[in-house]
Amino acid sequence: MTDIAKNAPSPAWSLLSHNAAQLFYRLLAALLICIVLSVLSDAFLSLGNILNVLRQASLTFFIASGLTLVVLTAGLDLSVGANVALSACLAGTVIHQTGSPTLGILAGLLTGGTVGLMNGVMVTAMRIPSFIATYGMLWVLNGVTYWYMAGETIHGFPAGFRQIGSGYFLGLPIPVYLLLVFLAIGTAFAQRTVWGQEIYAIGANPVAARLSGIPVNCRLLLVYTVSGTMAGLASIIFLSRLNSAEADIGESLTLPAIAAVLIGGTSLFGGVGTIFGTFVGALILTLVLNGMNLLSINANWQPLVTGIIVIIAVWLDMRTRRSAP
Amino acid sequence: MKHRTSRSLALALVIAAAATQAHADGETIAVFTKNQTNPFFQTVRVGADNMAKSLNAKILHYIPTKPDSIPEQLSQIEDVVVKKPSAIVFIPVDYKAMVPGVEKINDAKIPVVNITDRSAGGKFVSFIGADDYSLGLETGRFLLKTLGGKGNVVIIEGVKGSLTNVDRVRGFNDALKENPGVKLLASQPGNYQRLQALQVMENLMQSNAQIDGVLAANDAMAVGAIEALDGANRKAQVIGINGTKEAVDAIKSGKLLASGDYNGFAQGCLGTMMAIRSLRGEPVIGEIVLKPTVITKDNYQPFDLSLEQRTCPSFDDASKLSAK
């Protein structure tokens with residue numbers, strides 16, 4: 001386990017096979033939810049609803065995919081939601097003031113990435129535990145965003161920009177294409193590159209990783225910056241999809257993103273998990289909400305159901321991991 | 001918009017400026033609002049600033065940094081009791097939990113006016129508010145009348161269990177009872193959040209082929225529902241509540257049917273007016289529950305002005321604004 005990076009591929013593959021088993025159970029769970037919902041609701045299995053679910057899952061996935069890399073290193077990024085809010089508000093302002101969506105998108109990605117980099121600096125150079133560094137960052141970002149927006153809403157964006165979040169190409173929503181692209185890039189990066197494998201190694205055993213010559217701090221800076229940049233990307237999708245942004249949009253985004261990572265089988269202790277698992281996690285969360293809406297169930301139950309799913313998913317992981325050879 | 005330009009500049013220079021502004025000398029009025037995130041409280045604050053300016057008084061704003069934080073508002077009250085402003089205009093972050101705080105203000109003999117959410121206890125010079133139930137009822141009635149008393153509607157609720165949401169949704173439901181020809185397909189929560197309302201609406205459109213009307217418990221959710229309808233190329237009449245700038249723009253462009261105005265601006269104005277009048281020994285009105293205004297394409301013009309440009313009602317207007 002300790003020298004994954006040096007001795008790839010064989011230990012990495014054993015890690016993968018464990019991950020593969022975990023993924024299989026998760027897909028099975030998602031499938032089970034789908035079967036139950038399709039029996040209970042005629043509307044569920046329509047193409048429209050399936051695309052609907054995928055598009056809704058995409059926003060959670062963008063935030064959660066960057067977060068997955070952080071969690072793989074045994075860290076946590078609690079600032080993602082607040083980062084989305086600030087990035088969306090700044091990107092929206094730039095689009096309004098320059099009239100250029102391109103500059104706005106750059107502003108959003110740059111804001112998100114810069115916040116991520118600052119998180120990374122706090123974790124590496126200042127040696128602050130990631131949980132605390134990013135928790136502090138959450139408050140700082142909220143403060144800046146509230147002050148900057150002063151209770152206002154930025155709304156009304158050019159039609160071209162709106163296409164990113166609400167447009168279709170060949171019958172599929174554009175966020176779904178983005179989801180597939182980032183799922184592929186994320187999976188390839190984590191599983192098939194040396195850097196990706198080093199991230200797993202850092203999470204599995206940071207001391208061994210350092211001793212085996214992995215530039216731990218550089219990789220950590222990278223994962224926090226990627227997490228921040230993905231929050232920036234999510235802010236662009238949010239802005240173009242909702243056509244507006246206000247200071248408090250982040251609050252409801254962080255916890256579902258963390259839930260998607262955990263349901264997806266990534267361990268908070270680091271070193272175990274996949275981007276694809278996180279996608280399935282985001283999908284399960286979205287299916288639950290979609291099902292409750294379709295069936296008109298009192299949605300007081302939704303947070304309760306989500307909580308139970310998180311607990312069961314992690315419990316199953318712990319059990320299978322303990323029994324694994 | 002203008003303030004954001006200047007703020008962008010300030011932000012670029014990394015200058016953190018205090019939000020409190022002093023206007024003139026004279027009495028100092030401490031204004032307590034719940035948070036910096038909800039545009040409604042911004043309208044209250046601008047109303048208070050506006051009135052204080054015209055009466056030559058000074059406003060100090062107290063806003064919890066964590067939205068709606070009970071301990072933070074309590075400690076702000078403790079600060080204010082020490083600083084002793086001339087009077088206080090007060091919105092409790094929680095109408096029950098803040099009663100001990102109000103009692104502290106009463107003990108310090110600082111006159112206090114209660115606005116927006118009625119405190120469950122304590123002594124006040126005056127109460128100025130609007131009620132969520134009649135807002136829901138009147139705005140709901142307007143939608144159902146526009147639909148001709150028939151069709152399929154959905155309700156998108158705010159945060160389950162919050163006082164504003166319970167009353168607004170009760171108003172919606174009573175409006176529905178008056179229109180037995182209208183069918184309520186679903187009542188699902190969007191937690192006052194734009195994104196959640198959009199997703200709820202997308203989901204509801206999957207299971208309901210025909211939705212004629214949407215009753216949303218605030219404007220952000222109403223606009224979120226409109227985005228979902230637009231995305232699916234479907235049409236429905238949508239109403240919201242709060243009368244935000246965004247809602248007024250949407251009414252102007254014909255996307256939103258109506259928004260119930262909670263009159264935050266008037267509440268800020270009148271709360272400050274009553275506080276200053278009581279300090280100056282002038283008569284005050286003990287209770288004003290403002291009539292709900294349903295903003296539609298026929299009457300949106302006065303709401304289309306930026307907050308700073310709006311004018312506060314006069315004392316004579318105040319008594320006429322009351323629903324009673």
# chains A, B, ... in the order shown; residues from 1 in each chain; ligands from 1
>>> interface_residues(of="chain A", to="chain B", cutoff="7 Å", atoms="only C-alpha atoms", output="list of chain:residue names")
A:Ala43, A:Asn49, A:Gln56, A:Tyr146, A:Tyr148, A:Ala150, A:Gly151, A:Glu152, A:Ser166, A:Leu242, A:Ala247, A:Asp248, A:Asn290, A:Asn293, A:Leu294, A:Ser296, A:Asn298, A:Ala299
>>> residues_around(residues="Pro173 (chain A)", least_positions_apart="2", cutoff="10 Å", atoms="only C-alpha atoms", output="list of chain:residue names")
A:Leu51, A:Asn52, A:Leu54, A:Arg55, A:Gln163, A:Ile164, A:Gly165, A:Ser166, A:Gly167, A:Tyr168, A:Phe169, A:Leu170, A:Gly171, A:Pro175, A:Val176, A:Tyr177, A:Leu178
>>> residues_around(residues="Glu178 (chain B)", least_positions_apart="2", cutoff="12 Å", atoms="only C-alpha atoms", output="mmCIF file with N, CA and C atoms, in the first residue's frame")
data_model
loop_
_atom_site.group_PDB
_atom_site.id
_atom_site.type_symbol
_atom_site.label_atom_id
_atom_site.label_comp_id
_atom_site.auth_asym_id
_atom_site.auth_seq_id
_atom_site.Cartn_x
_atom_site.Cartn_y
_atom_site.Cartn_z
ATOM 1 N N LEU B 137 -52.685 35.025 0.798
ATOM 2 C CA LEU B 137 -54.087 34.980 0.383
ATOM 3 C C LEU B 137 -54.331 35.899 -0.816
ATOM 4 N N GLU B 138 -53.898 37.166 -0.705
ATOM 5 C CA GLU B 138 -54.179 38.149 -1.757
ATOM 6 C C GLU B 138 -53.438 37.812 -3.053
ATOM 7 N N GLY B 140 -52.314 34.871 -3.939
ATOM 8 C CA GLY B 140 -52.918 33.635 -4.438
ATOM 9 C C GLY B 140 -54.234 33.921 -5.150
ATOM 10 N N ARG B 141 -55.083 34.763 -4.522
ATOM 11 C CA ARG B 141 -56.360 35.121 -5.144
ATOM 12 C C ARG B 141 -56.154 35.733 -6.521
ATOM 13 N N PHE B 142 -55.140 36.601 -6.619
ATOM 14 C CA PHE B 142 -54.894 37.272 -7.896
ATOM 15 C C PHE B 142 -54.565 36.254 -8.986
ATOM 16 N N LEU B 144 -55.405 33.025 -9.045
ATOM 17 C CA LEU B 144 -56.546 32.154 -9.347
ATOM 18 C C LEU B 144 -57.605 32.911 -10.142
ATOM 19 N N LYS B 145 -57.730 34.212 -9.892
ATOM 20 C CA LYS B 145 -58.654 35.032 -10.672
ATOM 21 C C LYS B 145 -58.175 35.099 -12.122
ATOM 22 N N GLY B 149 -60.466 30.909 -12.263
ATOM 23 C CA GLY B 149 -61.035 30.000 -11.267
ATOM 24 C C GLY B 149 -60.974 28.531 -11.659
ATOM 25 N N LYS B 150 -60.126 28.184 -12.645
ATOM 26 C CA LYS B 150 -59.989 26.762 -12.989
ATOM 27 C C LYS B 150 -58.545 26.455 -13.424
ATOM 28 N N GLY B 171 -52.229 30.988 3.534
ATOM 29 C CA GLY B 171 -52.911 31.970 2.689
ATOM 30 C C GLY B 171 -53.197 31.406 1.295
ATOM 31 N N PHE B 172 -52.173 30.756 0.708
ATOM 32 C CA PHE B 172 -52.358 30.126 -0.612
ATOM 33 C C PHE B 172 -53.507 29.117 -0.564
ATOM 34 N N ASN B 173 -53.473 28.275 0.472
ATOM 35 C CA ASN B 173 -54.470 27.211 0.553
ATOM 36 C C ASN B 173 -55.877 27.763 0.757
ATOM 37 N N ASP B 174 -55.998 28.859 1.522
ATOM 38 C CA ASP B 174 -57.323 29.455 1.706
ATOM 39 C C ASP B 174 -57.818 30.075 0.404
ATOM 40 N N ALA B 175 -56.907 30.651 -0.374
ATOM 41 C CA ALA B 175 -57.298 31.186 -1.682
ATOM 42 C C ALA B 175 -57.783 30.038 -2.568
ATOM 43 N N LEU B 176 -57.121 28.863 -2.451
ATOM 44 C CA LEU B 176 -57.529 27.699 -3.246
ATOM 45 C C LEU B 176 -58.914 27.204 -2.833
ATOM 46 N N PRO B 180 -62.944 26.248 -5.899
ATOM 47 C CA PRO B 180 -62.996 24.781 -5.971
ATOM 48 C C PRO B 180 -62.711 24.237 -7.371
ATOM 49 N N GLY B 181 -62.783 25.078 -8.393
ATOM 50 C CA GLY B 181 -62.506 24.620 -9.761
ATOM 51 C C GLY B 181 -61.025 24.418 -10.025
ATOM 52 N N VAL B 182 -60.176 24.892 -9.105
ATOM 53 C CA VAL B 182 -58.735 24.772 -9.306
ATOM 54 C C VAL B 182 -58.239 23.523 -8.589
ATOM 55 N N LYS B 183 -57.400 22.743 -9.283
ATOM 56 C CA LYS B 183 -56.874 21.518 -8.668
ATOM 57 C C LYS B 183 -55.433 21.743 -8.210
#
>>> residues_around(residues="Asp167 (chain B)", least_positions_apart="6", cutoff="9 Å", atoms="only C-alpha atoms", output="list in words")
Asp131, Asp132, Tyr133, Ser134, Leu135 and Gly136 of chain B
>>> write_last_selection(atoms="C-alpha atoms", output="PDB file, in the first residue's frame")
ATOM      1  CA  ASP B 131     -48.807  39.700   7.710  1.00  0.00           C
ATOM      2  CA  ASP B 132     -47.709  36.739   5.704  1.00  0.00           C
ATOM      3  CA  TYR B 133     -51.131  35.139   5.720  1.00  0.00           C
ATOM      4  CA  SER B 134     -52.874  37.987   3.889  1.00  0.00           C
ATOM      5  CA  LEU B 135     -49.901  38.302   1.527  1.00  0.00           C
ATOM      6  CA  GLY B 136     -50.322  34.649   0.574  1.00  0.00           C
TER       7      GLY B 136
END
>>> closest_residue(among="B:Tyr262, B:Tyr62, B:Phe124, B:Phe315", to="Pro292 (chain B)", atoms="only C-alpha atoms")
B:Tyr262
>>> select_by_dssp(residues="region 17-227 of chain B", states="strand (DSSP E or B)", output="JSON, numbers by chain")
{"B": [28, 29, 30, 31, 32, 58, 59, 60, 61, 62, 87, 88, 89, 90, 112, 113, 114, 115, 126, 127, 128, 129, 130, 151, 152, 153, 154, 155, 156, 157, 182, 183, 184, 185, 186, 187, 188, 189, 213, 214, 215, 216]}
>>> atom_distance(atom1="CA of Val80 (chain A)", atom2="CA of Pro101 (chain A)")
22.5 Å
>>> closest_residue(among="A:Tyr200, A:Trp195, A:Phe238, A:Phe157", to="Ile95 (chain A)", atoms="only C-alpha atoms")
A:Phe157
>>> residues_around(residues="Asp79 (chain B)", least_positions_apart="6", cutoff="12 Å", atoms="only C-alpha atoms", output="list in words")
Ala30, Tyr62, Glu72, Gln73, Pro85, Gly101, Lys104, Ile105 and Ala108 of chain B
>>> write_last_selection(atoms="C-alpha atoms", output="mmCIF file, in the first residue's frame")
data_model
loop_
_atom_site.group_PDB
_atom_site.id
_atom_site.type_symbol
_atom_site.label_atom_id
_atom_site.label_comp_id
_atom_site.auth_asym_id
_atom_site.auth_seq_id
_atom_site.Cartn_x
_atom_site.Cartn_y
_atom_site.Cartn_z
ATOM 1 C CA ALA B 30 -29.984 51.416 16.327
ATOM 2 C CA TYR B 62 -26.796 45.786 13.694
ATOM 3 C CA GLU B 72 -25.172 36.907 17.911
ATOM 4 C CA GLN B 73 -28.240 39.152 18.060
ATOM 5 C CA PRO B 85 -28.546 54.830 21.447
ATOM 6 C CA GLY B 101 -33.096 40.438 24.811
ATOM 7 C CA LYS B 104 -32.841 43.843 28.608
ATOM 8 C CA ILE B 105 -33.571 46.789 26.313
ATOM 9 C CA ALA B 108 -32.132 49.899 30.084
#
>>> closest_residue(among="B:Glu308, B:Asp219, B:Glu287, B:Glu282", to="Gly260 (chain B)", atoms="only C-alpha atoms")
B:Asp219
>>> residues_around(residues="region 226-228 of chain A", least_positions_apart="3", cutoff="7 Å", atoms="only C-alpha atoms", output="list of chain:residue names")
A:Gly66, A:Leu67, A:Val80, A:Gly112, A:Gly113, A:Val115, A:Gly116, A:Leu222, A:Val223, A:Ala231, A:Gly232
>>> residues_around(residues="Pro92 (chain B)", least_positions_apart="2", cutoff="10 Å", atoms="only C-alpha atoms", output="list in words")
Phe32, Thr33, Lys34, Asp68, Ile70, Gln73, Leu74, Val89, Phe90, Asp94, Tyr95, Lys96, Ala97, Met98, Val99, Gly101, Val102, Asn114, Ile115, Thr116, Asp117, Arg118, Ser119 and Ala120 of chain B
>>> write_last_selection(atoms="C-alpha atoms", output="tab-separated table (two decimals), in the first residue's frame")
chain	number	residue	atom	x	y	z
B	32	PHE	CA	-31.63	45.48	14.15
B	33	THR	CA	-32.20	43.28	11.09
B	34	LYS	CA	-31.87	39.53	10.69
B	68	ASP	CA	-30.46	34.79	11.75
B	70	ILE	CA	-29.82	34.07	17.98
B	73	GLN	CA	-28.24	39.15	18.06
B	74	LEU	CA	-28.31	38.68	21.84
B	89	VAL	CA	-35.88	49.67	15.80
B	90	PHE	CA	-35.98	45.93	16.26
B	94	ASP	CA	-36.58	34.62	16.42
B	95	TYR	CA	-39.83	35.98	17.82
B	96	LYS	CA	-39.74	33.80	20.94
B	97	ALA	CA	-36.03	33.36	21.65
B	98	MET	CA	-35.29	37.08	21.59
B	99	VAL	CA	-37.80	38.04	24.31
B	101	GLY	CA	-33.10	40.44	24.81
B	102	VAL	CA	-36.06	42.78	24.47
B	114	ASN	CA	-40.83	46.32	16.88
B	115	ILE	CA	-41.06	45.82	13.12
B	116	THR	CA	-41.66	42.94	10.68
B	117	ASP	CA	-41.88	39.94	13.06
B	118	ARG	CA	-43.99	40.49	16.14
B	119	SER	CA	-42.05	39.70	19.32
B	120	ALA	CA	-43.76	37.28	21.68
>>> select_by_dssp(residues="region 65-265 of chain B", states="helix (DSSP H, G or I)", output="JSON, numbers by chain")
{"B": [70, 71, 72, 73, 74, 75, 76, 77, 78, 79, 80, 81, 82, 83, 99, 100, 101, 102, 103, 104, 105, 106, 107, 132, 133, 134, 135, 136, 137, 138, 139, 140, 141, 142, 143, 144, 145, 146, 163, 164, 165, 166, 167, 168, 169, 170, 171, 172, 173, 174, 175, 176, 177, 194, 195, 196, 197, 198, 199, 200, 201, 202, 203, 204, 205, 206, 207, 219, 220, 221, 222, 223, 224, 225, 226, 227, 228, 229, 230, 231, 245, 246, 247, 248, 249, 250, 251, 252, 264, 265]}
>>> decode(residues="region 86-127 of chain B", atoms="N, CA and C atoms", output="short mmCIF file (atom, residue, chain, number, x, y, z; two decimals), in the first residue's frame")
data_model
loop_
_atom_site.label_atom_id
_atom_site.label_comp_id
_atom_site.auth_asym_id
_atom_site.auth_seq_id
_atom_site.Cartn_x
_atom_site.Cartn_y
_atom_site.Cartn_z
N SER B 86 -30.32 56.51 21.20
CA SER B 86 -31.54 57.19 21.63
C SER B 86 -32.74 56.25 21.58
N ALA B 87 -32.80 55.44 20.54
CA ALA B 87 -33.91 54.50 20.42
C ALA B 87 -33.48 53.32 19.55
N ILE B 88 -34.33 52.27 19.54
CA ILE B 88 -34.01 51.06 18.79
C ILE B 88 -35.18 50.67 17.90
N VAL B 89 -34.88 50.27 16.68
CA VAL B 89 -35.88 49.67 15.80
C VAL B 89 -35.47 48.21 15.67
N PHE B 90 -36.39 47.29 16.00
CA PHE B 90 -35.98 45.93 16.26
C PHE B 90 -36.76 44.89 15.46
N ILE B 91 -36.00 44.04 14.73
CA ILE B 91 -36.59 42.82 14.15
C ILE B 91 -35.94 41.65 14.87
N PRO B 92 -36.72 40.87 15.64
CA PRO B 92 -36.10 39.73 16.32
C PRO B 92 -35.75 38.64 15.31
N VAL B 93 -34.54 38.03 15.45
CA VAL B 93 -34.21 36.92 14.55
C VAL B 93 -35.11 35.72 14.84
N ASP B 94 -35.63 35.67 16.07
CA ASP B 94 -36.58 34.62 16.42
C ASP B 94 -37.57 35.26 17.39
N TYR B 95 -38.86 35.18 17.07
CA TYR B 95 -39.83 35.98 17.82
C TYR B 95 -40.01 35.53 19.27
N LYS B 96 -39.65 34.27 19.54
CA LYS B 96 -39.74 33.80 20.94
C LYS B 96 -38.40 33.94 21.66
N ALA B 97 -37.34 33.45 20.99
CA ALA B 97 -36.03 33.36 21.65
C ALA B 97 -35.46 34.72 22.01
N MET B 98 -35.90 35.78 21.34
CA MET B 98 -35.29 37.08 21.59
C MET B 98 -36.00 37.88 22.68
N VAL B 99 -37.06 37.31 23.27
CA VAL B 99 -37.80 38.04 24.31
C VAL B 99 -36.89 38.49 25.46
N PRO B 100 -36.00 37.63 25.98
CA PRO B 100 -35.10 38.09 27.05
C PRO B 100 -34.26 39.29 26.61
N GLY B 101 -33.86 39.31 25.35
CA GLY B 101 -33.10 40.44 24.81
C GLY B 101 -33.92 41.72 24.86
N VAL B 102 -35.18 41.62 24.46
CA VAL B 102 -36.06 42.78 24.47
C VAL B 102 -36.22 43.28 25.91
N GLU B 103 -36.33 42.35 26.85
CA GLU B 103 -36.48 42.75 28.25
C GLU B 103 -35.25 43.51 28.74
N LYS B 104 -34.06 43.10 28.25
CA LYS B 104 -32.84 43.84 28.61
C LYS B 104 -32.92 45.28 28.11
N ILE B 105 -33.43 45.44 26.87
CA ILE B 105 -33.57 46.79 26.31
C ILE B 105 -34.57 47.59 27.16
N ASN B 106 -35.68 46.94 27.52
CA ASN B 106 -36.69 47.59 28.36
C ASN B 106 -36.08 48.03 29.70
N ASP B 107 -35.27 47.14 30.30
CA ASP B 107 -34.65 47.47 31.59
C ASP B 107 -33.72 48.67 31.47
N ALA B 108 -33.06 48.79 30.28
CA ALA B 108 -32.13 49.90 30.08
C ALA B 108 -32.89 51.19 29.74
N LYS B 109 -34.22 51.09 29.69
CA LYS B 109 -35.08 52.25 29.41
C LYS B 109 -34.79 52.90 28.05
N ILE B 110 -34.46 52.09 27.07
CA ILE B 110 -34.29 52.60 25.71
C ILE B 110 -35.59 52.30 24.95
N PRO B 111 -36.24 53.34 24.39
CA PRO B 111 -37.48 53.08 23.66
C PRO B 111 -37.22 52.19 22.45
N VAL B 112 -38.10 51.23 22.22
CA VAL B 112 -37.88 50.30 21.12
C VAL B 112 -39.17 50.09 20.32
N VAL B 113 -39.01 50.12 19.00
CA VAL B 113 -40.12 49.86 18.08
C VAL B 113 -39.89 48.50 17.46
N ASN B 114 -40.93 47.67 17.44
CA ASN B 114 -40.83 46.32 16.88
C ASN B 114 -41.35 46.38 15.43
N ILE B 115 -40.54 45.88 14.49
CA ILE B 115 -41.06 45.82 13.12
C ILE B 115 -40.93 44.41 12.55
N THR B 116 -41.68 44.16 11.49
CA THR B 116 -41.66 42.94 10.68
C THR B 116 -42.19 41.69 11.40
N ASP B 117 -41.42 41.13 12.33
CA ASP B 117 -41.88 39.94 13.06
C ASP B 117 -42.27 40.35 14.47
N ARG B 118 -43.51 40.04 14.85
CA ARG B 118 -43.99 40.49 16.14
C ARG B 118 -43.35 39.68 17.26
N SER B 119 -42.70 40.37 18.19
CA SER B 119 -42.05 39.70 19.32
C SER B 119 -43.12 39.11 20.24
N ALA B 120 -42.79 37.94 20.81
CA ALA B 120 -43.76 37.28 21.68
C ALA B 120 -43.84 37.95 23.05
N GLY B 121 -42.93 38.88 23.36
CA GLY B 121 -42.98 39.55 24.67
C GLY B 121 -42.17 40.82 24.67
N GLY B 122 -42.16 41.52 25.80
CA GLY B 122 -41.43 42.79 25.91
C GLY B 122 -42.34 43.97 25.61
N LYS B 123 -41.88 45.17 25.99
CA LYS B 123 -42.70 46.38 25.80
C LYS B 123 -42.17 47.18 24.61
N PHE B 124 -43.08 47.57 23.74
CA PHE B 124 -42.69 48.32 22.55
C PHE B 124 -43.48 49.61 22.41
N VAL B 125 -42.82 50.63 21.83
CA VAL B 125 -43.50 51.89 21.55
C VAL B 125 -44.58 51.64 20.50
N SER B 126 -44.24 50.77 19.55
CA SER B 126 -45.14 50.58 18.41
C SER B 126 -44.77 49.29 17.69
N PHE B 127 -45.73 48.73 16.96
CA PHE B 127 -45.42 47.59 16.10
C PHE B 127 -45.80 47.93 14.66
#
